Every structure is written in C-alpha cells, then in structure tokens.
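Colleague: File name entry31.csv; file contents CSV, C-alpha atoms; full text below.
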chain,number,residue,atom,x,y,z
N,1,MET,CA,17.5,90.6,120.2
N,2,GLY,CA,19.7,87.6,119.6
N,3,ALA,CA,22.0,88.3,122.6
N,4,GLN,CA,19.0,88.9,124.9
N,5,THR,CA,17.4,85.7,123.7
N,6,ASP,CA,20.6,83.7,124.5
N,7,ARG,CA,20.7,85.3,128.0
N,8,ILE,CA,17.1,84.5,128.6
N,9,VAL,CA,17.6,80.9,127.6
N,10,LYS,CA,20.6,80.6,130.0
N,11,ILE,CA,18.6,82.2,132.9
N,12,GLU,CA,15.7,79.9,132.4
N,13,ASN,CA,18.0,76.8,132.2
N,14,LEU,CA,19.8,77.8,135.4
N,15,LEU,CA,16.4,78.3,137.2
N,16,ARG,CA,15.1,74.9,136.0
N,17,ARG,CA,18.3,73.0,136.9
N,18,HIS,CA,18.8,74.5,140.4
N,19,ARG,CA,16.3,74.9,143.2
N,20,LEU,CA,17.8,78.3,144.1
N,21,VAL,CA,20.0,80.7,142.0
N,22,ASN,CA,21.6,83.7,143.6
N,23,PHE,CA,22.2,87.0,141.8
N,24,GLN,CA,26.0,86.5,141.9
N,25,THR,CA,25.7,83.2,140.0
N,26,LEU,CA,23.7,85.0,137.3
N,27,LEU,CA,26.4,87.7,137.1
N,28,ASN,CA,29.2,85.1,136.8
N,29,GLU,CA,27.3,83.0,134.2
N,30,LEU,CA,26.1,85.8,131.9
N,31,GLU,CA,29.0,88.3,132.3
N,32,VAL,CA,26.8,91.4,131.9
N,33,SER,CA,25.8,94.2,134.1
N,34,PRO,CA,23.4,93.8,137.1
N,35,ALA,CA,21.0,96.2,135.4
N,36,THR,CA,20.9,94.0,132.2
N,37,ILE,CA,20.2,90.9,134.3
N,38,LYS,CA,17.4,92.6,136.2
N,39,ARG,CA,15.9,93.7,132.8
N,40,ASP,CA,16.1,90.1,131.6
N,41,LEU,CA,14.5,88.7,134.7
N,42,THR,CA,11.7,91.2,134.4
N,43,PHE,CA,11.2,90.3,130.7
N,44,LEU,CA,11.1,86.6,131.6
N,45,ARG,CA,8.6,87.1,134.3
N,46,ASP,CA,6.3,89.8,132.9
N,47,ARG,CA,6.5,89.3,129.2
N,48,LEU,CA,7.1,85.6,128.9
N,49,GLY,CA,5.1,84.5,131.9
N,50,CYS,CA,8.0,82.6,133.6
N,51,PRO,CA,6.9,82.2,137.3
N,52,ILE,CA,10.1,83.6,138.9
N,53,VAL,CA,10.0,84.1,142.6
N,54,TYR,CA,12.6,86.4,144.4
N,55,ASP,CA,13.6,85.8,148.0
N,56,ARG,CA,14.9,89.2,149.2
N,57,ALA,CA,16.4,87.8,152.4
N,58,GLU,CA,18.5,85.2,150.6
N,59,ASP,CA,19.0,87.2,147.4
N,60,THR,CA,18.0,84.2,145.4
N,61,TYR,CA,15.6,83.4,142.6
N,62,ARG,CA,13.6,80.2,142.0
N,63,LEU,CA,10.8,78.9,139.9
N,64,ASP,CA,7.3,78.5,141.4
N,65,THR,CA,6.9,74.7,140.9
N,66,SER,CA,3.2,75.0,141.5
N,67,ALA,CA,3.0,76.7,138.1
N,68,GLN,CA,4.1,73.5,136.3
N,69,VAL,CA,7.3,75.1,135.1
N,70,GLY,CA,9.0,73.2,132.3
N,71,GLN,CA,5.7,72.2,130.6
N,72,ARG,CA,6.1,75.1,128.2
N,73,HIS,CA,9.1,77.1,127.1
N,74,GLU,CA,9.0,80.5,125.4
N,75,ILE,CA,11.6,82.7,123.8
N,76,PRO,CA,10.8,85.7,121.6
N,77,GLY,CA,8.9,84.4,118.6
N,78,LEU,CA,8.8,80.8,119.8
N,79,TRP,CA,6.5,78.8,122.2
N,80,PHE,CA,6.9,75.1,122.5
N,81,SER,CA,6.0,72.3,124.8
N,82,ALA,CA,8.5,69.6,125.7
N,83,LYS,CA,6.9,67.2,123.3
N,84,GLU,CA,6.9,69.8,120.5
N,85,LEU,CA,10.6,70.4,121.1
N,86,HIS,CA,11.5,66.7,120.8
N,87,ALA,CA,9.4,66.6,117.6
N,88,LEU,CA,11.4,69.5,116.2
N,89,LEU,CA,14.6,67.6,117.0
N,90,THR,CA,13.3,64.6,115.1
N,91,ALA,CA,12.3,66.8,112.2
N,92,HIS,CA,15.8,68.3,112.2
N,93,GLN,CA,17.3,64.8,111.8
N,94,LEU,CA,15.0,64.2,108.8
N,95,LEU,CA,16.0,67.6,107.3
N,96,SER,CA,19.7,66.9,107.9
N,97,ASP,CA,19.5,63.6,106.1
N,98,LEU,CA,17.6,65.1,103.2
N,99,ASP,CA,20.2,67.9,102.8
N,100,PRO,CA,23.7,66.4,102.8
N,101,ASN,CA,25.1,69.6,101.3
N,102,GLY,CA,24.1,71.6,104.3
N,103,ALA,CA,21.8,74.2,102.8
N,104,LEU,CA,19.0,73.7,105.3
N,105,ASN,CA,21.4,73.0,108.2
N,106,ARG,CA,23.0,76.3,107.6
N,107,HIS,CA,19.7,78.2,108.1
N,108,VAL,CA,18.1,75.8,110.6
N,109,GLY,CA,21.2,75.3,112.7
N,110,PRO,CA,20.8,78.4,114.9
N,111,LEU,CA,17.2,77.4,115.7
N,112,LEU,CA,18.4,73.9,116.5
N,113,GLU,CA,21.0,75.2,119.0
N,114,ARG,CA,18.3,77.2,120.7
N,115,ILE,CA,16.0,74.2,120.9
N,116,HIS,CA,18.8,72.2,122.5
N,117,GLN,CA,19.3,74.9,125.0
N,118,LEU,CA,15.6,75.0,125.8
N,119,VAL,CA,15.5,71.2,126.5
N,120,GLY,CA,18.7,71.6,128.5
N,121,GLN,CA,20.7,69.0,126.6
N,122,SER,CA,24.4,68.6,126.9
N,123,GLU,CA,26.6,67.9,123.9
N,124,LEU,CA,26.5,64.1,124.7
N,125,ASP,CA,22.7,64.3,124.9
N,126,LYS,CA,22.5,65.9,121.5
N,127,ILE,CA,24.6,63.2,120.0
N,128,ASP,CA,22.4,60.6,121.6
N,129,VAL,CA,19.3,62.1,120.2
N,130,MET,CA,20.7,62.0,116.7
N,131,GLN,CA,21.8,58.4,117.1
N,132,ARG,CA,18.3,57.3,118.2
N,133,ILE,CA,16.6,58.7,115.1
N,134,ARG,CA,17.6,56.9,111.9
N,135,VAL,CA,16.3,58.1,108.6
N,136,VAL,CA,16.7,55.8,105.6
N,137,ASN,CA,16.4,57.3,102.2
N,138,ALA,CA,16.8,54.6,99.7
N,139,GLY,CA,17.2,55.8,96.1
N,140,ARG,CA,17.8,59.4,97.2
N,141,ARG,CA,18.8,61.8,94.4
N,142,PRO,CA,20.4,64.7,96.3
N,143,VAL,CA,20.1,68.3,95.1
N,144,GLU,CA,23.0,70.6,95.2
N,145,ALA,CA,22.6,73.3,97.9
N,146,PRO,CA,23.0,76.3,95.6
N,147,CYS,CA,20.3,75.0,93.3
N,148,PHE,CA,17.9,74.3,96.2
N,149,GLU,CA,18.5,77.7,97.8
N,150,ALA,CA,18.0,79.5,94.4
N,151,ALA,CA,14.8,77.6,93.8
N,152,CYS,CA,13.4,78.5,97.2
N,153,SER,CA,14.5,82.1,96.9
N,154,ALA,CA,12.8,82.5,93.5
N,155,LEU,CA,9.7,80.7,94.6
N,156,LEU,CA,9.2,82.7,97.8
N,157,GLY,CA,10.4,86.0,96.3
N,158,ARG,CA,8.1,85.5,93.3
N,159,LYS,CA,11.0,85.9,90.8
N,160,LYS,CA,11.9,84.1,87.6
N,161,LEU,CA,14.5,81.4,87.5
N,162,SER,CA,16.9,80.6,84.7
N,163,PHE,CA,18.8,77.3,84.5
N,164,ARG,CA,20.2,74.6,82.3
N,165,TYR,CA,18.0,71.5,82.3
N,166,PHE,CA,18.8,67.9,81.3
N,167,THR,CA,15.8,65.9,80.1
N,168,ARG,CA,16.7,62.3,80.8
N,169,SER,CA,14.0,60.7,78.6
N,170,ARG,CA,15.4,62.5,75.5
N,171,GLN,CA,19.0,62.7,76.7
N,172,ALA,CA,18.8,66.4,75.7
N,173,GLU,CA,19.9,69.6,77.5
N,174,SER,CA,18.4,73.0,77.1
N,175,ARG,CA,18.3,76.5,78.6
N,176,ARG,CA,15.1,77.3,80.5
N,177,GLU,CA,13.5,80.3,82.1
N,178,ALA,CA,10.7,79.5,84.5
N,179,SER,CA,8.4,81.1,87.0
N,180,PRO,CA,8.3,78.8,90.1
N,181,GLN,CA,4.9,78.1,91.5
N,182,ARG,CA,5.6,75.4,94.2
N,183,LEU,CA,8.2,72.9,95.4
N,184,ILE,CA,7.4,69.2,95.9
N,185,HIS,CA,9.4,66.7,97.8
N,186,TYR,CA,8.7,63.2,96.5
N,187,ARG,CA,10.4,59.9,97.0
N,188,ASN,CA,13.6,61.5,98.5
N,189,THR,CA,14.2,64.2,95.9
N,190,TRP,CA,12.8,67.6,95.0
N,191,TYR,CA,10.7,68.9,92.1
N,192,MET,CA,9.6,72.3,91.0
N,193,ASP,CA,6.3,73.1,89.4
N,194,ALA,CA,6.8,76.2,87.2
N,195,TRP,CA,5.5,78.1,84.3
N,196,CYS,CA,8.0,77.3,81.5
N,197,HIS,CA,8.5,80.4,79.4
N,198,LYS,CA,10.1,78.4,76.6
N,199,ASN,CA,7.1,76.1,76.2
N,200,ASN,CA,4.6,78.6,77.4
N,201,ASP,CA,3.0,76.1,79.7
N,202,LEU,CA,3.2,74.5,83.2
N,203,ARG,CA,6.0,72.0,83.6
N,204,ARG,CA,7.4,69.9,86.4
N,205,PHE,CA,11.2,70.0,86.7
N,206,ALA,CA,13.5,67.7,88.8
N,207,LEU,CA,15.9,69.9,90.8
N,208,ASP,CA,18.7,67.4,90.5
N,209,ALA,CA,18.6,67.8,86.7
N,210,MET,CA,19.1,71.5,87.0
N,211,ALA,CA,22.5,73.3,86.7
N,212,GLU,CA,23.7,76.9,86.5
N,213,VAL,CA,20.7,78.1,88.4
N,214,GLN,CA,20.2,81.9,88.7
N,215,VAL,CA,17.5,84.0,90.3
N,216,SER,CA,16.3,86.8,87.9
N,217,ASP,CA,15.3,90.3,88.9
N,218,GLU,CA,12.1,89.9,86.8
N,219,LYS,CA,8.9,89.1,88.5
N,220,ALA,CA,7.5,85.6,88.1
N,221,LYS,CA,4.4,84.9,86.1
N,222,GLU,CA,1.6,84.1,88.6
N,223,VAL,CA,-0.5,81.0,88.1
N,224,ALA,CA,-3.3,80.1,90.5
N,225,LEU,CA,-2.3,77.1,92.6
N,226,SER,CA,-5.7,75.6,91.9
N,227,THR,CA,-4.8,75.7,88.2
N,228,VAL,CA,-1.3,74.2,88.9
N,229,ALA,CA,-2.9,71.3,90.8
N,230,LYS,CA,-5.6,70.7,88.2
N,231,THR,CA,-3.0,70.7,85.4
N,232,LEU,CA,-0.2,68.7,87.0
N,233,ASP,CA,-1.7,66.5,89.8
N,234,GLY,CA,-4.1,64.3,88.0
N,235,GLY,CA,-1.9,61.3,87.4
N,236,TYR,CA,-0.1,58.8,89.5
N,237,GLY,CA,3.2,59.7,91.2
N,238,ILE,CA,5.4,62.5,89.9
N,239,TYR,CA,4.4,62.3,86.3
N,240,ALA,CA,2.5,65.5,85.5
N,241,GLY,CA,-0.6,65.8,83.3
N,242,ASN,CA,-4.4,65.8,83.3
N,243,LYS,CA,-5.1,63.2,80.6
N,244,VAL,CA,-6.1,60.7,83.1
N,245,GLN,CA,-6.7,56.9,82.7
N,246,TRP,CA,-7.8,54.6,85.5
N,247,ALA,CA,-6.0,51.4,86.5
N,248,ARG,CA,-7.6,48.5,88.3
N,249,LEU,CA,-5.3,46.2,90.3
N,250,ARG,CA,-6.0,43.0,92.2
N,251,PHE,CA,-3.7,42.2,95.2
N,252,SER,CA,-3.4,38.8,96.9
N,253,ALA,CA,-4.5,38.5,100.6
N,254,LEU,CA,-0.8,38.5,101.6
N,255,ALA,CA,-0.1,41.8,99.8
N,256,ALA,CA,-3.4,43.3,101.0
N,257,GLN,CA,-2.1,43.5,104.5
N,258,TRP,CA,0.2,46.3,103.4
N,259,VAL,CA,-1.5,47.8,100.3
N,260,ALA,CA,-4.8,48.3,102.2
N,261,ARG,CA,-3.0,50.8,104.4
N,262,GLU,CA,-1.1,52.6,101.7
N,263,GLN,CA,-2.1,55.6,99.7
N,264,TRP,CA,-1.1,55.3,96.1
N,265,HIS,CA,-3.2,58.3,95.1
N,266,PRO,CA,-5.5,60.7,96.9
N,267,ASP,CA,-8.4,59.7,94.6
N,268,GLN,CA,-7.8,55.9,94.8
N,269,GLN,CA,-10.7,53.5,95.4
N,270,LEU,CA,-10.2,50.4,97.5
N,271,HIS,CA,-12.5,47.4,97.6
N,272,THR,CA,-12.0,44.3,99.8
N,273,LEU,CA,-13.1,41.0,98.3
N,274,GLU,CA,-14.7,38.1,100.2
N,275,ASP,CA,-11.4,36.1,100.1
N,276,GLU,CA,-9.5,39.0,101.7
N,277,ARG,CA,-7.9,40.0,98.4
N,278,ILE,CA,-8.3,43.7,97.5
N,279,GLU,CA,-9.0,45.6,94.3
N,280,LEU,CA,-7.4,49.1,93.9
N,281,LYS,CA,-8.5,51.6,91.3
N,282,LEU,CA,-6.4,54.7,90.8
N,283,PRO,CA,-5.8,57.4,88.1
N,284,PHE,CA,-2.6,57.7,86.1
N,285,VAL,CA,-1.2,59.7,83.3
N,286,ASP,CA,2.0,57.8,82.4
N,287,MET,CA,2.6,54.1,82.8
N,288,VAL,CA,6.3,54.2,83.7
N,289,GLU,CA,6.2,54.9,87.4
N,290,LEU,CA,2.9,53.0,88.0
N,291,SER,CA,4.3,49.9,86.3
N,292,MET,CA,7.5,50.0,88.4
N,293,ASP,CA,5.4,50.0,91.6
N,294,ILE,CA,3.3,47.2,90.3
N,295,LEU,CA,6.3,45.1,89.4
N,296,ARG,CA,7.8,45.3,92.9
N,297,HIS,CA,4.8,43.3,94.2
N,298,GLY,CA,5.7,40.4,91.8
N,299,PRO,CA,3.2,37.6,91.7
N,300,GLU,CA,1.0,39.2,94.5
N,301,VAL,CA,-0.7,41.6,92.1
N,302,GLU,CA,-2.5,41.4,88.7
N,303,VAL,CA,-3.4,44.3,86.4
N,304,LEU,CA,-7.0,43.9,85.4
N,305,GLU,CA,-7.3,47.1,83.3
N,306,PRO,CA,-6.5,49.0,81.2
N,307,LYS,CA,-5.1,46.5,78.6
N,308,ALA,CA,-2.2,48.7,77.7
N,309,LEU,CA,-1.0,48.8,81.3
N,310,ARG,CA,-1.5,45.0,81.6
N,311,ASP,CA,0.5,44.4,78.4
N,312,GLU,CA,3.3,46.7,79.6
N,313,VAL,CA,3.7,44.9,82.9
N,314,HIS,CA,3.5,41.6,81.1
N,315,LYS,CA,6.3,42.8,78.7
N,316,GLN,CA,8.5,43.9,81.6
N,317,LEU,CA,8.1,40.5,83.4
N,318,ARG,CA,9.0,38.6,80.2
N,319,LEU,CA,12.1,40.8,79.7
N,320,ALA,CA,13.1,40.2,83.3
N,321,LEU,CA,12.6,36.4,82.9
N,322,ALA,CA,14.7,36.4,79.8
N,323,THR,CA,17.6,37.9,81.7
N,324,TYR,CA,17.7,34.7,83.8
N,325,ALA,CA,16.9,32.3,81.0
N,326,ASP,CA,20.4,30.9,80.7
N,327,GLN,CA,20.7,30.0,84.4
Starting from the file, give its structure as structure tokens.
Modeller:
Amino acid sequence: MGAQTDRIVKIENLLRRHRLVNFQTLLNELEVSPATIKRDLTFLRDRLGCPIVYDRAEDTYRLDTSAQVGQRHEIPGLWFSAKELHALLTAHQLLSDLDPNGALNRHVGPLLERIHQLVGQSELDKIDVMQRIRVVNAGRRPVEAPCFEAACSALLGRKKLSFRYFTRSRQAESRREASPQRLIHYRNTWYMDAWCHKNNDLRRFALDAMAEVQVSDEKAKEVALSTVAKTLDGGYGIYAGNKVQWARLRFSALAAQWVAREQWHPDQQLHTLEDERIELKLPFVDMVELSMDILRHGPEVEVLEPKALRDEVHKQLRLALATYADQ
C-alpha cells in the first residue's frame, strides 16, 4: 500500500499544481503502466472523493475547482485539512526537539515526508517551516532513544520492564523490575509510573535515570489507571504520593499578572484580593519542587501556610543571601 500511497500523493500534487495534466505526463512522472495509473485515478476519485474531471478530447485531467479542492487532503488512513497539516508540522518540530537522539524521528519521519508532500512543499519550504518554529526547552534532561523505545514498547505491549535505576536523592543504584502503567512528559523530561515489583507498590521513575533497559516476555501487572492517579497524582509537580498538605501563597499585584493565568495544580484555588494581589491554594506532597517554584518569584510571593513550607523557603533565602554576604 505504501507505493500506491506515494503515487496517489504525486497524482494529487500534479493535479493541484497544474490546471491540466495529460496522461503522458502522469506516465513520465510515475513510471508505471497505464493500467496502474488508471487504477490510481479511479481510487482517488471514487474511494477518496477527489473531484477529478477527465476531458476525453484533450486527454487531460483536472480538478473541479467548484468542489473546493485543497481544503481537505486524504490518503489511505489519513484525512487532514490544510490547517491540520500545518499543526502537524509544528508538532513534529516539538517532537524533534524533545528527541535529540532520533527515536521519534525515526518512526514519525515517513509520516512527516508524506505530510510535506500533501502540502506540496519543496525542500526549501520544509527548511523554512522548521526555522519559523523555535522550541526552547530550558533544563531539558534528554532520555536515550533505546530507553525511551523500550519503555514505550513495554507500556503498550503490556510487558514487564527490567532496568538499572539510580536514585539521586540517596545516591544509590539498584536493579528494578516494573510493570509500566503510563508515561508522563513533565518539564522537558519523561517519567514512567509503574508497579515496582521490588517494593510491591506504585512508583514514579525518571527515564533519564534508567540504564540497561530490557523488555521482558512476562506480562505486566495491571493496575487501574484510576488507582494510579489516586496514588501518585495528589501532590504538586512530579513528586508522587497521596499524603497531601495544602499551601497558601500570596502574590504581589505585579506577579499576579502572570500567576493568575498559570495552572500550578489542577485542584488549585485562586482568590483575587481588593488590592489586585492574589492568594493561591494548592496541594503538595513534598516541599522540594514547590519551594523551588516559590523561590523563583523572589520578593513577589509570601508563603502564608503551612509553617513548615514557610520555614523552608525562609531557610533557602537565608542560605542564598549568605552566599553573597562577602560582596
């Protein structure tokens, strides 16, 4: 089907680019038999709904412009509008930047080429599209392609995964066997929620901390996604857990212009004060990530509660100040 798809794309492009296309041009361009071209034309017209009109006297083909040709494009298994195609090109640029090792590019590449053919872009046009979309991923922690592919394969194939894992907080390394339940892309890196057979519990693993990743032949342990979410999604950011505390933060009127439009947590509560300051309440499990996000707002935010979080932010500010004490 791939060869026929390529021919169909070429035929449609020729018809869209030229007012009239004669049969000999199709023969020269496609380098297949007349019978094959006729079958492709019939498939385009009858199966894909392309409004092809044949002029027997001139032996030419054209598109019926009254049918608004070009508004939609179809190839076997795909149906896109022009806007959808450009959105896909934008998504590809995002995927390319997130995947410097090429794992996604290798699989998405053939689809991208077909998309470029559908929008009729030359090689220079393709380069221009990529230059006009800039994706900035500050603080990205890239994941090695074999690790990412193995995690995806085990997840979707419902197989167990074995790997060596480095726990940064303890500076310790261990062998793990896990049953992947879902993948999460968060702040420019990937995480895997899985049933850890070593701990006999749900755990969240950073893919960039995994090595020697192997997909097992054994079936994965199934855990309801509702259970995964209830167990791991209660807190703030990527820190997993369900022992939730609530933080209350007060932002200045200046910071409120941005914070009021941000989602720090799906269950957050936002309250605007009379002086245009805002108060934000949100759940968290671990203070580490939340305190880092609070600190980036400097003097424009105050932690009102809980006291432990307020004390932690105060401590970090004092330590930062001490770094510059001799200047």
Colleague: Show which residues sit within 12 Å of Leu304 (chain N), as a PDB file with C-alpha atoms, keeping the file's coordinate frame. Count all atoms listed in the file, and ignore same-chain residues fewer than 4 positions away.
Modeller:
ATOM      1  CA  TRP N 246      -7.800  54.600  85.500  1.00  0.00           C
ATOM      2  CA  ALA N 247      -6.000  51.400  86.500  1.00  0.00           C
ATOM      3  CA  ARG N 248      -7.600  48.500  88.300  1.00  0.00           C
ATOM      4  CA  LEU N 249      -5.300  46.200  90.300  1.00  0.00           C
ATOM      5  CA  ARG N 250      -6.000  43.000  92.200  1.00  0.00           C
ATOM      6  CA  PHE N 251      -3.700  42.200  95.200  1.00  0.00           C
ATOM      7  CA  GLU N 279      -9.000  45.600  94.300  1.00  0.00           C
ATOM      8  CA  LEU N 280      -7.400  49.100  93.900  1.00  0.00           C
ATOM      9  CA  LYS N 281      -8.500  51.600  91.300  1.00  0.00           C
ATOM     10  CA  ILE N 294       3.300  47.200  90.300  1.00  0.00           C
ATOM     11  CA  ALA N 308      -2.200  48.700  77.700  1.00  0.00           C
ATOM     12  CA  LEU N 309      -1.000  48.800  81.300  1.00  0.00           C
ATOM     13  CA  ARG N 310      -1.500  45.000  81.600  1.00  0.00           C
ATOM     14  CA  ASP N 311       0.500  44.400  78.400  1.00  0.00           C
ATOM     15  CA  VAL N 313       3.700  44.900  82.900  1.00  0.00           C
ATOM     16  CA  HIS N 314       3.500  41.600  81.100  1.00  0.00           C
TER      17      HIS N 314
END
Colleague: Give me the residues near region 52-64 of chain N as a list in words, where near means some atom within 8 Å (using all atoms listed in the file) and where sequence neighbours in that chain fewer than 4 positions away do not count.
Modeller: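 Answer for this query is Leu15, Arg16, His18, Arg19, Leu20, Val21, Asn22, Phe23, Leu41, Leu44, Arg45, Gln68 and Val69 of chain N.
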Colleague: Expressed in Å to a single decimal, how great is the separation between CA of Ala145 (chain N) and CA of Asp208 (chain N)?
Modeller: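 Between CA of Ala145 (chain N) and CA of Asp208 (chain N) the gap is 10.2 Å.
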Colleague: Show me, as a VMD selection string, the residues that have an atom within 10 Å of Val259 (chain N) when counting all atoms listed in the file, minus same-chain residues fewer than 4 positions from it.
Modeller: chain N and resid 251 to 255 263 to 264 270 278 to 280 297
Colleague: What does the distance between CA of Glu300 (chain N) and CA of Lys243 (chain N) come to in Å, to one decimal place?
Modeller: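 Those two atoms sit 28.4 Å apart.
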Colleague: For each of N:Val215, N:Leu319, N:Cys50, N:Leu202, take the minimum atom-to-atom distance to Lys230 (chain N), counting all atoms listed in the file, then give the residue where this is smallest.
Modeller: N:Leu202
Colleague: Just the residues within 9 Å of Arg203 (chain N), please, counting only C-alpha atoms, with nothing from its chain fewer than 4 positions along; format it as an MDAnalysis selection string.
Modeller: chainID N and resid 178 192:196 199 232 240
Colleague: Given all atoms listed in the file as the basis, pick out the residue of N:Arg277, N:Leu161, N:Ile37, N:Asn28 nearest to Ile8 (chain N).
Modeller: N:Ile37
Colleague: Record the distance separating CA of Asn188 (chain N) and CA of Gly237 (chain N), expressed in Å with one decimal.
Modeller: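 Those two atoms sit 12.8 Å apart.
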